[in-house]
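Trainee: Following this line is final03.tsv, made up of TSV, C-alpha atoms and all ligand atoms:
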```tsv
chain	number	residue	atom	x	y	z
E	167	MET	CA	-45.98	-37.18	-14.06
E	168	ARG	CA	-48.91	-37.92	-11.77
E	169	THR	CA	-48.55	-36.62	-8.23
E	170	GLU	CA	-49.72	-39.14	-5.67
E	171	VAL	CA	-51.33	-37.64	-2.55
E	172	ILE	CA	-51.41	-39.63	0.68
E	173	ARG	CA	-53.28	-38.25	3.65
E	174	VAL	CA	-51.42	-38.85	6.95
E	175	ASP	CA	-52.15	-38.01	10.56
E	176	ALA	CA	-49.99	-35.06	11.65
E	177	GLU	CA	-49.16	-36.55	15.04
E	178	ARG	CA	-49.20	-40.30	14.44
E	179	PRO	CA	-48.47	-40.83	10.75
E	180	ASP	CA	-49.41	-44.18	9.28
E	181	ARG	CA	-46.35	-46.39	8.87
E	182	SER	CA	-47.21	-47.63	5.39
E	183	ALA	CA	-47.52	-44.03	4.11
E	184	ILE	CA	-44.13	-43.15	5.58
E	185	MET	CA	-42.53	-46.28	4.12
E	186	ARG	CA	-43.97	-45.43	0.70
E	187	ALA	CA	-42.53	-41.89	0.91
E	188	ALA	CA	-39.14	-43.21	2.06
E	189	GLU	CA	-39.12	-45.60	-0.89
E	190	VAL	CA	-39.76	-42.71	-3.33
E	191	ILE	CA	-36.91	-40.74	-1.75
E	192	GLY	CA	-34.66	-43.82	-1.91
E	193	ARG	CA	-35.12	-44.20	-5.65
E	194	GLY	CA	-34.34	-40.53	-6.34
E	195	GLY	CA	-37.92	-39.18	-6.43
E	196	LEU	CA	-39.46	-36.01	-4.99
E	197	VAL	CA	-41.71	-36.00	-1.91
E	198	ALA	CA	-43.45	-32.93	-0.46
E	199	PHE	CA	-43.88	-33.32	3.29
E	200	PRO	CA	-45.01	-31.17	6.21
E	201	THR	CA	-42.59	-29.66	8.71
E	202	GLU	CA	-43.44	-27.53	11.76
E	203	THR	CA	-42.73	-24.42	9.63
E	204	VAL	CA	-43.92	-24.92	6.01
E	205	TYR	CA	-44.14	-27.85	3.58
E	206	GLY	CA	-40.76	-28.96	2.21
E	207	LEU	CA	-39.95	-30.55	-1.15
E	208	GLY	CA	-37.61	-33.40	-0.34
E	209	ALA	CA	-35.08	-35.52	-2.22
E	210	ALA	CA	-32.13	-37.67	-1.11
E	211	ALA	CA	-29.49	-35.09	-0.17
E	212	THR	CA	-26.49	-37.15	-1.25
E	213	ASP	CA	-28.02	-37.95	-4.67
E	214	ALA	CA	-27.07	-35.03	-6.93
E	215	ALA	CA	-29.46	-36.06	-9.72
E	216	ALA	CA	-32.37	-36.23	-7.26
E	217	VAL	CA	-31.57	-32.78	-5.85
E	218	GLU	CA	-31.35	-31.42	-9.39
E	219	ARG	CA	-34.95	-32.58	-9.84
E	220	ILE	CA	-35.94	-30.30	-6.92
E	221	PHE	CA	-34.45	-27.32	-8.75
E	222	GLU	CA	-36.28	-28.31	-11.95
E	223	ALA	CA	-39.64	-28.81	-10.24
E	224	LYS	CA	-39.40	-25.48	-8.43
E	225	GLY	CA	-37.80	-23.50	-11.23
E	226	ARG	CA	-35.26	-22.53	-8.58
E	227	PRO	CA	-32.06	-20.77	-9.66
E	228	ALA	CA	-28.99	-22.97	-9.17
E	229	THR	CA	-27.41	-20.17	-7.12
E	230	ASN	CA	-29.76	-20.73	-4.17
E	231	PRO	CA	-28.64	-23.51	-1.79
E	232	VAL	CA	-31.14	-25.86	-0.14
E	233	ILE	CA	-31.44	-26.90	3.49
E	234	VAL	CA	-30.57	-30.49	4.40
E	235	HIS	CA	-32.86	-32.13	6.96
E	236	VAL	CA	-31.59	-34.86	9.27
E	237	ALA	CA	-33.16	-37.03	11.98
E	238	GLU	CA	-30.85	-35.95	14.80
E	239	ALA	CA	-27.81	-33.85	15.68
E	240	SER	CA	-25.41	-36.78	15.39
E	241	ALA	CA	-26.48	-37.24	11.76
E	242	ALA	CA	-25.86	-33.53	11.18
E	243	ALA	CA	-22.34	-33.80	12.61
E	244	GLU	CA	-21.49	-36.44	9.99
E	245	LEU	CA	-22.13	-33.91	7.23
E	246	THR	CA	-20.04	-31.06	8.66
E	247	ALA	CA	-16.31	-30.41	8.45
E	248	GLU	CA	-16.31	-28.44	11.71
E	249	TRP	CA	-18.73	-28.33	14.64
E	250	PRO	CA	-18.22	-25.17	16.72
E	251	ARG	CA	-19.16	-25.21	20.40
E	252	VAL	CA	-21.95	-22.69	19.86
E	253	ALA	CA	-23.61	-25.24	17.57
E	254	ASP	CA	-23.86	-27.64	20.53
E	255	ARG	CA	-25.71	-25.08	22.58
E	256	LEU	CA	-28.04	-24.14	19.73
E	257	SER	CA	-28.76	-27.68	18.61
E	258	ASP	CA	-29.19	-29.00	22.19
E	259	HIS	CA	-31.72	-26.30	22.84
E	260	PHE	CA	-33.61	-25.88	19.57
E	261	TRP	CA	-33.43	-29.25	17.79
E	262	PRO	CA	-35.69	-30.74	16.83
E	263	GLY	CA	-37.21	-27.44	15.79
E	264	PRO	CA	-37.31	-24.48	13.39
E	265	LEU	CA	-33.61	-23.61	13.43
E	266	THR	CA	-31.26	-24.10	10.46
E	267	LEU	CA	-27.53	-23.97	11.21
E	268	VAL	CA	-24.99	-23.24	8.47
E	269	PHE	CA	-21.71	-25.20	8.80
E	270	TRP	CA	-18.62	-25.88	6.71
E	271	LYS	CA	-19.67	-28.90	4.69
E	272	ARG	CA	-18.12	-32.29	4.01
E	273	ALA	CA	-17.56	-33.58	0.47
E	274	ILE	CA	-20.43	-36.08	0.81
E	275	ILE	CA	-22.83	-33.16	0.25
E	276	PRO	CA	-23.05	-32.63	-3.53
E	277	ASP	CA	-22.36	-29.17	-4.92
E	278	VAL	CA	-25.90	-28.81	-6.26
E	279	VAL	CA	-27.21	-28.76	-2.66
E	280	THR	CA	-24.99	-25.87	-1.60
E	281	ALA	CA	-25.03	-23.95	-4.91
E	282	GLY	CA	-21.35	-24.79	-5.22
E	283	GLY	CA	-20.52	-23.14	-1.90
E	284	PRO	CA	-18.41	-24.51	0.96
E	285	THR	CA	-21.19	-24.44	3.57
E	286	VAL	CA	-24.35	-26.44	4.20
E	287	GLY	CA	-27.53	-25.50	6.08
E	288	LEU	CA	-28.77	-28.29	8.37
E	289	ARG	CA	-31.85	-28.72	10.45
E	290	VAL	CA	-33.63	-31.40	12.52
E	291	PRO	CA	-37.37	-30.84	12.00
E	292	ALA	CA	-39.81	-31.43	14.85
E	293	HIS	CA	-42.94	-32.33	12.86
E	294	ALA	CA	-43.85	-35.99	13.49
E	295	VAL	CA	-44.29	-36.68	9.75
E	296	ALA	CA	-40.92	-35.14	8.82
E	297	ALA	CA	-39.21	-36.95	11.71
E	298	ALA	CA	-40.75	-40.31	10.75
E	299	LEU	CA	-39.82	-39.83	7.09
E	300	LEU	CA	-36.20	-39.05	7.98
E	301	ARG	CA	-35.96	-42.12	10.19
E	302	ALA	CA	-37.55	-44.36	7.55
E	303	ALA	CA	-35.34	-42.97	4.76
E	304	GLY	CA	-32.29	-43.45	6.98
E	305	ALA	CA	-30.52	-40.67	5.09
E	306	PRO	CA	-30.44	-36.87	4.95
E	307	ILE	CA	-33.18	-35.18	2.90
E	308	ALA	CA	-32.56	-31.92	1.04
E	309	ALA	CA	-35.73	-29.83	1.12
E	310	PRO	CA	-36.48	-26.24	0.22
E	311	SER	CA	-40.03	-24.96	0.71
E	312	ALA	CA	-42.45	-26.81	-1.59
E	313	ASN	CA	-43.44	-23.91	-3.84
E	314	ARG	CA	-42.37	-22.67	-7.27
E	315	ALA	CA	-39.39	-20.30	-6.97
E	316	MET	CA	-40.28	-16.72	-5.96
E	317	GLN	CA	-43.79	-17.70	-4.85
E	318	LEU	CA	-45.35	-17.87	-1.42
E	319	SER	CA	-44.30	-20.72	0.87
E	320	PRO	CA	-46.91	-23.46	1.34
E	321	THR	CA	-48.56	-23.90	4.72
E	322	HIS	CA	-51.42	-26.08	3.42
E	323	PRO	CA	-51.34	-29.13	1.13
E	324	GLU	CA	-53.48	-27.24	-1.42
E	325	HIS	CA	-50.73	-24.61	-1.69
E	326	VAL	CA	-48.25	-27.37	-2.61
E	327	LEU	CA	-50.55	-28.81	-5.26
E	328	LYS	CA	-51.33	-25.40	-6.73
E	329	ASP	CA	-47.62	-24.92	-7.54
E	330	LEU	CA	-46.31	-28.46	-7.98
E	331	ASP	CA	-49.10	-30.87	-9.00
E	332	GLY	CA	-47.75	-33.02	-11.81
E	333	ARG	CA	-44.16	-31.96	-11.10
E	334	ILE	CA	-43.45	-34.13	-8.04
E	335	ASP	CA	-43.96	-37.82	-7.20
E	336	LEU	CA	-45.74	-37.65	-3.87
E	337	LEU	CA	-47.33	-35.31	-1.34
E	338	LEU	CA	-47.78	-36.36	2.27
E	339	ASP	CA	-50.86	-34.34	3.24
E	340	ALA	CA	-51.03	-33.71	6.98
E	341	GLY	CA	-53.14	-30.56	6.85
E	342	ALA	CA	-51.92	-27.10	7.84
E	343	THR	CA	-48.38	-26.72	9.18
E	344	PRO	CA	-48.33	-25.47	12.79
E	345	GLY	CA	-45.66	-22.73	12.57
E	346	GLY	CA	-46.47	-21.00	9.29
E	347	ILE	CA	-43.15	-19.12	8.96
E	348	GLU	CA	-39.85	-20.68	7.87
E	349	SER	CA	-36.97	-21.65	10.13
E	350	THR	CA	-34.45	-19.13	11.43
E	351	VAL	CA	-31.17	-19.58	9.50
E	352	VAL	CA	-28.03	-19.02	11.60
E	353	ASP	CA	-24.49	-19.15	10.21
E	354	VAL	CA	-22.20	-20.71	12.82
E	355	THR	CA	-19.07	-20.56	10.63
E	356	VAL	CA	-18.56	-16.98	11.83
E	357	THR	CA	-18.08	-15.46	15.29
E	358	PRO	CA	-20.39	-14.21	16.60
E	359	PRO	CA	-22.95	-16.33	14.74
E	360	GLN	CA	-25.00	-14.46	12.19
E	361	VAL	CA	-28.71	-14.68	11.39
E	362	LEU	CA	-29.06	-15.02	7.61
E	363	ARG	CA	-32.85	-15.23	7.70
E	364	PRO	CA	-35.12	-14.33	10.62
E	365	GLY	CA	-37.66	-17.06	11.33
E	366	LEU	CA	-39.82	-18.78	13.89
E	367	ILE	CA	-37.14	-18.57	16.59
E	368	SER	CA	-36.74	-14.90	17.44
E	369	ARG	CA	-33.62	-12.85	17.94
E	370	ALA	CA	-34.26	-12.37	21.66
E	371	THR	CA	-34.74	-16.10	22.12
E	372	LEU	CA	-31.42	-16.83	20.39
E	373	GLU	CA	-29.57	-14.10	22.26
E	374	GLY	CA	-31.02	-15.33	25.55
E	375	LEU	CA	-29.14	-18.57	24.96
E	376	ILE	CA	-25.86	-17.58	23.28
E	377	GLY	CA	-25.51	-13.82	23.72
E	378	ARG	CA	-24.88	-11.32	20.97
E	379	ILE	CA	-25.78	-12.37	17.48
E	380	GLU	CA	-25.46	-10.39	14.26
E	381	PHE	CA	-28.01	-9.96	11.53
E	382	ARG	CA	-27.15	-10.00	7.88
E	383	ARG	CA	-27.57	-6.52	6.46
E	384	ASP	CA	-30.69	-6.43	4.34
E	385	GLU	CA	-32.89	-3.50	3.52
E	386	ALA	CA	-35.92	-5.80	3.50
E	387	THR	CA	-35.65	-6.34	7.23
E	388	ASP	CA	-35.94	-3.93	10.12
E	389	SER	CA	-32.80	-5.13	11.77
E	390	GLY	CA	-30.10	-4.01	9.37
E	391	ALA	CA	-26.61	-4.97	10.48
E	392	ALA	CA	-26.63	-5.14	14.24
E	393	GLY	CA	-22.88	-5.06	14.53
E	394	GLY	CA	-22.03	-3.06	11.41
E	395	GLY	CA	-19.42	-4.06	8.88
E	396	ALA	CA	-19.86	-5.53	5.43
E	397	VAL	CA	-20.94	-9.13	5.42
E	398	ALA	CA	-21.28	-11.45	2.47
E	399	ARG	CA	-24.93	-12.03	1.70
E	400	SER	CA	-26.22	-15.54	1.62
E	401	PRO	CA	-26.72	-16.69	-1.95
E	402	GLY	CA	-30.34	-16.53	-2.96
E	403	LEU	CA	-31.46	-14.45	-0.04
E	404	MET	CA	-31.65	-11.23	-2.00
E	405	GLU	CA	-34.18	-12.43	-4.48
E	406	ARG	CA	-37.79	-11.48	-4.20
E	407	HIS	CA	-39.17	-14.26	-2.05
E	408	TYR	CA	-42.32	-15.17	-0.25
E	409	ALA	CA	-44.32	-13.00	-2.63
E	410	PRO	CA	-47.88	-13.11	-3.90
E	411	ARG	CA	-48.45	-12.31	-7.58
E	412	THR	CA	-50.58	-9.31	-6.62
E	413	PRO	CA	-48.62	-6.09	-5.94
E	414	LEU	CA	-48.44	-5.44	-2.22
E	415	VAL	CA	-47.61	-2.33	-0.20
E	416	CYS	CA	-46.62	-2.29	3.48
E	417	MET	CA	-47.81	0.63	5.63
E	418	GLU	CA	-46.54	1.59	9.10
E	419	SER	CA	-49.48	4.00	9.42
E	420	ASP	CA	-52.17	5.76	7.34
E	421	VAL	CA	-53.40	2.40	6.07
E	422	ALA	CA	-56.99	3.49	5.49
E	423	ALA	CA	-55.78	6.46	3.45
E	424	ALA	CA	-53.72	4.12	1.26
E	425	VAL	CA	-56.76	1.89	0.74
E	426	LEU	CA	-58.96	4.86	-0.15
E	427	GLY	CA	-56.32	6.24	-2.51
E	428	ALA	CA	-56.16	2.94	-4.39
E	429	ILE	CA	-59.95	2.81	-4.67
E	430	ALA	CA	-59.98	6.37	-5.96
E	431	ALA	CA	-57.47	5.23	-8.61
E	432	GLY	CA	-59.97	2.56	-9.66
E	433	GLN	CA	-58.07	-0.42	-8.27
E	434	ARG	CA	-59.52	-3.61	-6.79
E	435	VAL	CA	-58.01	-3.59	-3.31
E	436	GLY	CA	-57.36	-6.08	-0.52
E	437	TRP	CA	-56.63	-4.91	3.03
E	438	LEU	CA	-54.62	-7.03	5.45
E	439	THR	CA	-55.26	-5.50	8.87
E	440	TYR	CA	-53.38	-5.88	12.12
E	441	GLY	CA	-56.21	-6.56	14.54
E	442	PRO	CA	-59.48	-4.66	14.12
E	443	PRO	CA	-59.16	-2.23	11.18
E	444	GLY	CA	-59.90	0.85	13.32
E	445	GLU	CA	-61.80	2.52	10.47
E	446	VAL	CA	-64.81	1.45	8.49
E	447	CYS	CA	-63.80	-0.72	5.58
E	448	PRO	CA	-64.86	0.98	2.32
E	449	PRO	CA	-67.31	-1.03	0.19
E	450	GLY	CA	-65.78	-3.32	-2.40
E	451	VAL	CA	-62.55	-3.79	-0.42
E	452	THR	CA	-61.57	-7.37	0.44
E	453	LEU	CA	-60.69	-7.22	4.12
E	454	VAL	CA	-58.67	-9.87	5.94
E	455	GLN	CA	-58.34	-9.22	9.63
E	456	MET	CA	-55.10	-10.59	11.02
E	457	PRO	CA	-54.64	-11.49	14.70
E	458	LEU	CA	-52.71	-9.41	17.23
E	459	ASP	CA	-50.75	-12.41	18.50
E	460	ALA	CA	-47.51	-13.04	16.57
E	461	GLY	CA	-47.71	-16.85	16.72
E	462	GLU	CA	-51.25	-16.87	15.42
E	463	TYR	CA	-50.37	-14.22	12.83
E	464	GLY	CA	-47.49	-16.35	11.55
E	465	ARG	CA	-49.69	-19.43	11.27
E	466	ARG	CA	-52.18	-17.53	9.13
E	467	LEU	CA	-49.95	-15.21	7.09
E	468	TYR	CA	-49.24	-17.28	3.98
E	469	ALA	CA	-52.77	-18.69	3.82
E	470	ALA	CA	-54.12	-15.13	3.94
E	471	LEU	CA	-51.80	-14.02	1.14
E	472	HIS	CA	-52.55	-17.15	-0.92
E	473	ALA	CA	-56.30	-16.43	-0.52
E	474	LEU	CA	-56.00	-12.74	-1.42
E	475	ASP	CA	-53.85	-13.67	-4.41
E	476	ALA	CA	-56.58	-15.98	-5.70
E	477	THR	CA	-59.23	-13.25	-5.81
E	478	GLY	CA	-57.82	-11.23	-8.72
E	479	LEU	CA	-56.98	-8.04	-6.83
E	480	GLU	CA	-54.78	-5.28	-8.19
E	481	LEU	CA	-53.28	-4.23	-4.87
E	482	ILE	CA	-52.91	-5.61	-1.35
E	483	VAL	CA	-52.43	-2.96	1.35
E	484	VAL	CA	-50.82	-4.33	4.51
E	485	ALA	CA	-50.98	-2.72	7.94
E	486	LEU	CA	-47.58	-3.75	9.28
E	487	PRO	CA	-47.58	-5.33	12.75
E	488	PRO	CA	-45.36	-3.64	15.36
E	489	GLU	CA	-41.58	-3.55	15.14
E	490	SER	CA	-41.11	-6.00	18.03
E	491	ASP	CA	-38.96	-9.08	18.53
E	492	ALA	CA	-41.97	-11.37	18.14
E	493	PHE	CA	-42.93	-9.88	14.76
E	494	GLN	CA	-39.46	-9.56	13.22
E	495	ALA	CA	-39.72	-12.54	10.86
E	496	ILE	CA	-43.28	-11.65	9.89
E	497	ARG	CA	-42.30	-8.08	9.03
E	498	ASP	CA	-39.36	-9.46	7.04
E	499	ARG	CA	-41.68	-11.67	4.97
E	500	LEU	CA	-44.20	-8.88	4.44
E	501	ARG	CA	-41.49	-6.50	3.24
E	502	ARG	CA	-40.11	-9.12	0.84
E	503	ALA	CA	-43.62	-9.75	-0.43
E	504	GLY	CA	-43.86	-6.05	-1.21
E	505	ARG	CA	-40.60	-5.98	-3.13
E	506	ARG	CA	-41.10	-5.96	-6.88
E	507	GLY	CA	-38.87	-7.35	-9.59
E	601	LIG	O1	-38.49	-23.80	7.53
E	601	LIG	C1	-37.72	-23.98	6.60
E	601	LIG	O2	-36.52	-23.62	6.63
E	601	LIG	C2	-38.28	-24.70	5.36
E	601	LIG	C3	-38.58	-26.14	5.72
E	601	LIG	C4	-39.03	-26.96	4.54
E	601	LIG	O3	-37.46	-26.73	6.34
E	601	LIG	N1	-37.31	-24.65	4.28
E	601	LIG	C5	-37.05	-23.51	3.61
E	601	LIG	O4	-36.16	-23.70	2.57
E	601	LIG	O5	-37.56	-22.45	3.87
E	601	LIG	P1	-35.87	-22.61	1.43
E	601	LIG	O6	-34.98	-23.27	0.46
E	601	LIG	O7	-37.17	-22.11	0.92
E	601	LIG	O8	-35.08	-21.50	2.18
E	601	LIG	C6	-33.80	-21.83	2.67
E	601	LIG	C7	-33.02	-20.56	2.90
E	601	LIG	C8	-32.71	-19.89	1.57
E	601	LIG	O9	-32.85	-18.50	1.74
E	601	LIG	C9	-31.25	-20.27	1.34
E	601	LIG	O10	-30.56	-19.28	0.60
E	601	LIG	C10	-30.72	-20.41	2.75
E	601	LIG	O11	-31.79	-20.91	3.52
E	601	LIG	N2	-29.61	-21.36	2.80
E	601	LIG	C11	-29.65	-22.69	2.59
E	601	LIG	N3	-28.41	-23.23	2.65
E	601	LIG	C12	-27.57	-22.22	2.90
E	601	LIG	C13	-26.15	-22.10	3.05
E	601	LIG	N4	-25.33	-23.15	2.95
E	601	LIG	N5	-25.64	-20.88	3.29
E	601	LIG	C14	-26.44	-19.81	3.39
E	601	LIG	N6	-27.78	-19.83	3.24
E	601	LIG	C15	-28.33	-21.02	3.01
E	602	MG	MG	-38.53	-20.99	0.03
```
Just give me the structure of the file as structure tokens.

Mentor:
Amino acid sequence: MRTEVIRVDAERPDRSAIMRAAEVIGRGGLVAFPTETVYGLGAAATDAAAVERIFEAKGRPATNPVIVHVAEASAAAELTAEWPRVADRLSDHFWPGPLTLVFWKRAIIPDVVTAGGPTVGLRVPAHAVAAALLRAAGAPIAAPSANRAMQLSPTHPEHVLKDLDGRIDLLLDAGATPGGIESTVVDVTVTPPQVLRPGLISRATLEGLIGRIEFRRDEATDSGAAGGGAVARSPGLMERHYAPRTPLVCMESDVAAAVLGAIAAGQRVGWLTYGPPGEVCPPGVTLVQMPLDAGEYGRRLYAALHALDATGLELIVVALPPESDAFQAIRDRLRRAGRRG
């Protein structure tokens, strides 16, 4: 299959490009498109065969459900069996935007979308290209991140092509995505609501609106289970995700010592700093200085990891950013990137 690439303006996408993409979706094809978080790989959400093609193109295990994108909250409500009051507050405040809400689903959502489960994750994206595509398609679009399974999420069109060129019908290329980190996934089928995946909207921001919120217990995150108690893990969330091919270690401190140790062991090393490195970078080390600001850090994280991954290193040493609300999702992604297997 040849992958068609159409360049579109990120703020005012050309109508003919959007119509072309909507037509591909309408006939069951696959379209990669930008959202405010990362690029998504879209197919018609109510067309089981089309959604199966997403799983094939990504090499995604059938046990991992995909997020369904809709143009507005009223379209989301049509896909849910129950709409709790807390969902009104969250959707009024954060949609369109980087928040995915998990609801009890209606039968119109095929099993392949939800990995056979009874719930569906829904979100209204804010990116002008995603919004225009959803309106033109006039139907919900299932879209996981547009990368091969277990690989880094794509924040640039080149990242999409690196993984999926020849495996998808069309890429709408609108340059870099503005957010850089995926949406926050919140399960509203339980009380209090539970964060299944930290993301661009932080815990403090969510709690400022709706009060106490629990976090799924996960050793890859800092948060653990805020409220205690065993909670069913979201399918797919335990797999190694968001990972470069190069082994990666996360350091809270003693970063320079870890870099020096790897050099002494004869390894080709990359160093992802948090702000200025603080110590002189040893010769031969590939240094990427990351910003102190969490928003800027998030925008650059995956591109930095993609770039380091392309240089044939044997180890990436990461100076973890602080354990603060603003950095929670970033620390979560870094820890997952460091998880092997
Ligand atoms: O920002 C984002 O969320 C991007 C853009 C494209 O929207 N999408 C994205 O999709 O990151 P994906 O498939 O890479 O990650 C979706 C996450 C997965 O961890 C999946 O397990 C979880 O959301 N998820 C999806 N539907 C779910 C459901 N019904 N119940 C629990 N978790 C769900
Ligand atoms: Mg993904």

Trainee: Could you list, as number ranges by chain, all residues that come within 8 Å of ligand LIG 601 (chain E)? Count only C-alpha atoms and all ligand atoms.

Mentor: E: 200-207, 230-235, 264-266, 268-269, 279-281, 283-289, 291, 309-312, 319, 347-351, 353, 362-363, 365, 400-403

Trainee: Got time to write the residues from that selection, C-alpha atoms, as an mmCIF file, keeping the file's coordinate frame?

Mentor:
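And here is the file that came out, result10.cif:
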```
data_model
loop_
_atom_site.group_PDB
_atom_site.id
_atom_site.type_symbol
_atom_site.label_atom_id
_atom_site.label_comp_id
_atom_site.auth_asym_id
_atom_site.auth_seq_id
_atom_site.Cartn_x
_atom_site.Cartn_y
_atom_site.Cartn_z
ATOM 1 C CA PRO E 200 -45.010 -31.170 6.210
ATOM 2 C CA THR E 201 -42.590 -29.660 8.710
ATOM 3 C CA GLU E 202 -43.440 -27.530 11.760
ATOM 4 C CA THR E 203 -42.730 -24.420 9.630
ATOM 5 C CA VAL E 204 -43.920 -24.920 6.010
ATOM 6 C CA TYR E 205 -44.140 -27.850 3.580
ATOM 7 C CA GLY E 206 -40.760 -28.960 2.210
ATOM 8 C CA LEU E 207 -39.950 -30.550 -1.150
ATOM 9 C CA ASN E 230 -29.760 -20.730 -4.170
ATOM 10 C CA PRO E 231 -28.640 -23.510 -1.790
ATOM 11 C CA VAL E 232 -31.140 -25.860 -0.140
ATOM 12 C CA ILE E 233 -31.440 -26.900 3.490
ATOM 13 C CA VAL E 234 -30.570 -30.490 4.400
ATOM 14 C CA HIS E 235 -32.860 -32.130 6.960
ATOM 15 C CA PRO E 264 -37.310 -24.480 13.390
ATOM 16 C CA LEU E 265 -33.610 -23.610 13.430
ATOM 17 C CA THR E 266 -31.260 -24.100 10.460
ATOM 18 C CA VAL E 268 -24.990 -23.240 8.470
ATOM 19 C CA PHE E 269 -21.710 -25.200 8.800
ATOM 20 C CA VAL E 279 -27.210 -28.760 -2.660
ATOM 21 C CA THR E 280 -24.990 -25.870 -1.600
ATOM 22 C CA ALA E 281 -25.030 -23.950 -4.910
ATOM 23 C CA GLY E 283 -20.520 -23.140 -1.900
ATOM 24 C CA PRO E 284 -18.410 -24.510 0.960
ATOM 25 C CA THR E 285 -21.190 -24.440 3.570
ATOM 26 C CA VAL E 286 -24.350 -26.440 4.200
ATOM 27 C CA GLY E 287 -27.530 -25.500 6.080
ATOM 28 C CA LEU E 288 -28.770 -28.290 8.370
ATOM 29 C CA ARG E 289 -31.850 -28.720 10.450
ATOM 30 C CA PRO E 291 -37.370 -30.840 12.000
ATOM 31 C CA ALA E 309 -35.730 -29.830 1.120
ATOM 32 C CA PRO E 310 -36.480 -26.240 0.220
ATOM 33 C CA SER E 311 -40.030 -24.960 0.710
ATOM 34 C CA ALA E 312 -42.450 -26.810 -1.590
ATOM 35 C CA SER E 319 -44.300 -20.720 0.870
ATOM 36 C CA ILE E 347 -43.150 -19.120 8.960
ATOM 37 C CA GLU E 348 -39.850 -20.680 7.870
ATOM 38 C CA SER E 349 -36.970 -21.650 10.130
ATOM 39 C CA THR E 350 -34.450 -19.130 11.430
ATOM 40 C CA VAL E 351 -31.170 -19.580 9.500
ATOM 41 C CA ASP E 353 -24.490 -19.150 10.210
ATOM 42 C CA LEU E 362 -29.060 -15.020 7.610
ATOM 43 C CA ARG E 363 -32.850 -15.230 7.700
ATOM 44 C CA GLY E 365 -37.660 -17.060 11.330
ATOM 45 C CA SER E 400 -26.220 -15.540 1.620
ATOM 46 C CA PRO E 401 -26.720 -16.690 -1.950
ATOM 47 C CA GLY E 402 -30.340 -16.530 -2.960
ATOM 48 C CA LEU E 403 -31.460 -14.450 -0.040
#
```

Trainee: Report the distance between CA of Ile334 (chain E) and CA of Ile307 (chain E) in Å, rounded to one decimal place.

Mentor: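 It comes out at 15.0 Å.
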
Trainee: Provide the CA of Ala187 (chain E) to CA of Leu299 (chain E) distance in Å, to one decimal place.

Mentor: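 Atom-to-atom, CA of Ala187 (chain E) and CA of Leu299 (chain E) are spaced 7.1 Å apart.
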
Trainee: I need the residue nearest Leu318 (chain E) from this list: E:Gly377, E:Pro449, E:Pro227, E:Gly346. Use all atoms listed in the file for the distance.

Mentor: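 When distances to Leu318 (chain E) are compared using all atoms listed in the file, the smallest one comes from E:Gly346.
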
Trainee: Just give me the gap between CA of Tyr468 (chain E) and CA of Arg369 (chain E) in Å, one decimal is fine.

Mentor: 21.4 Å

Trainee: Have a look at E:Arg466, E:Arg226, E:His322, E:His472 and name the one nearest to ligand MG 602 (chain E); count all atoms listed in the file.

Mentor: E:Arg226

Trainee: Rank nothing, just name the residue among E:Leu414, E:Leu196, E:Ile220, E:Ala305 nearest to Leu245 (chain E), using all atoms listed in the file.

Mentor: E:Ala305

Trainee: For a quick check of understanding, using only C-alpha atoms, which of E:Arg499, E:Arg505, E:Arg168, E:Arg178 has the smallest distance to Leu337 (chain E)?

Mentor: E:Arg168

Trainee: Between E:Leu300, E:Ala470, E:Leu330, E:Leu267, which is the closest to Thr439 (chain E) once you count all atoms listed in the file?

Mentor: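 When distances to Thr439 (chain E) are compared using all atoms listed in the file, the smallest one comes from E:Ala470.
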
Trainee: Would you please work out which residue, of E:Trp261, E:Thr229, E:Ala315, E:Gly332, is nearest to ligand MG 602 (chain E) when using all atoms listed in the file?

Mentor: E:Ala315

Trainee: Enclose all atoms of region 306-310 of chain E listed in the file in an axis-aligned box, grow every side by 5 Å, and hand back centre and edge lengths in Å to one decimal, as AutoDock Vina command-line options.

Mentor:
```
--center_x -33.5 --center_y -31.6 --center_z 2.6 --size_x 16.0 --size_y 20.6 --size_z 14.7
```

Trainee: Could you name the residues that touch Pro323 (chain E) at 8 Å or less, counting all atoms listed in the file, but leaving out those on the same chain fewer than 2 positions away, as an MDAnalysis selection string?

Mentor: chainID E and resid 205 320:321 325:327 337 339:342

Trainee: Can you find the residues with an atom no farther than 6 Å from (-23.8, -14.0, 19.5), counting all atoms listed in the file, and report them as a list in words?

Mentor: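 Returned residue set, sorted by chain then number, is Pro358, Pro359, Ile376, Gly377, Arg378 and Ile379 of chain E.
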
Trainee: Restricting the output to C-alpha atoms, write the selected residues as a short mmCIF file (atom, residue, chain, number, x, y, z; two decimals), in the coordinates of the input.

Mentor:
```cif
data_model
loop_
_atom_site.label_atom_id
_atom_site.label_comp_id
_atom_site.auth_asym_id
_atom_site.auth_seq_id
_atom_site.Cartn_x
_atom_site.Cartn_y
_atom_site.Cartn_z
CA PRO E 358 -20.39 -14.21 16.60
CA PRO E 359 -22.95 -16.33 14.74
CA ILE E 376 -25.86 -17.58 23.28
CA GLY E 377 -25.51 -13.82 23.72
CA ARG E 378 -24.88 -11.32 20.97
CA ILE E 379 -25.78 -12.37 17.48
#
```
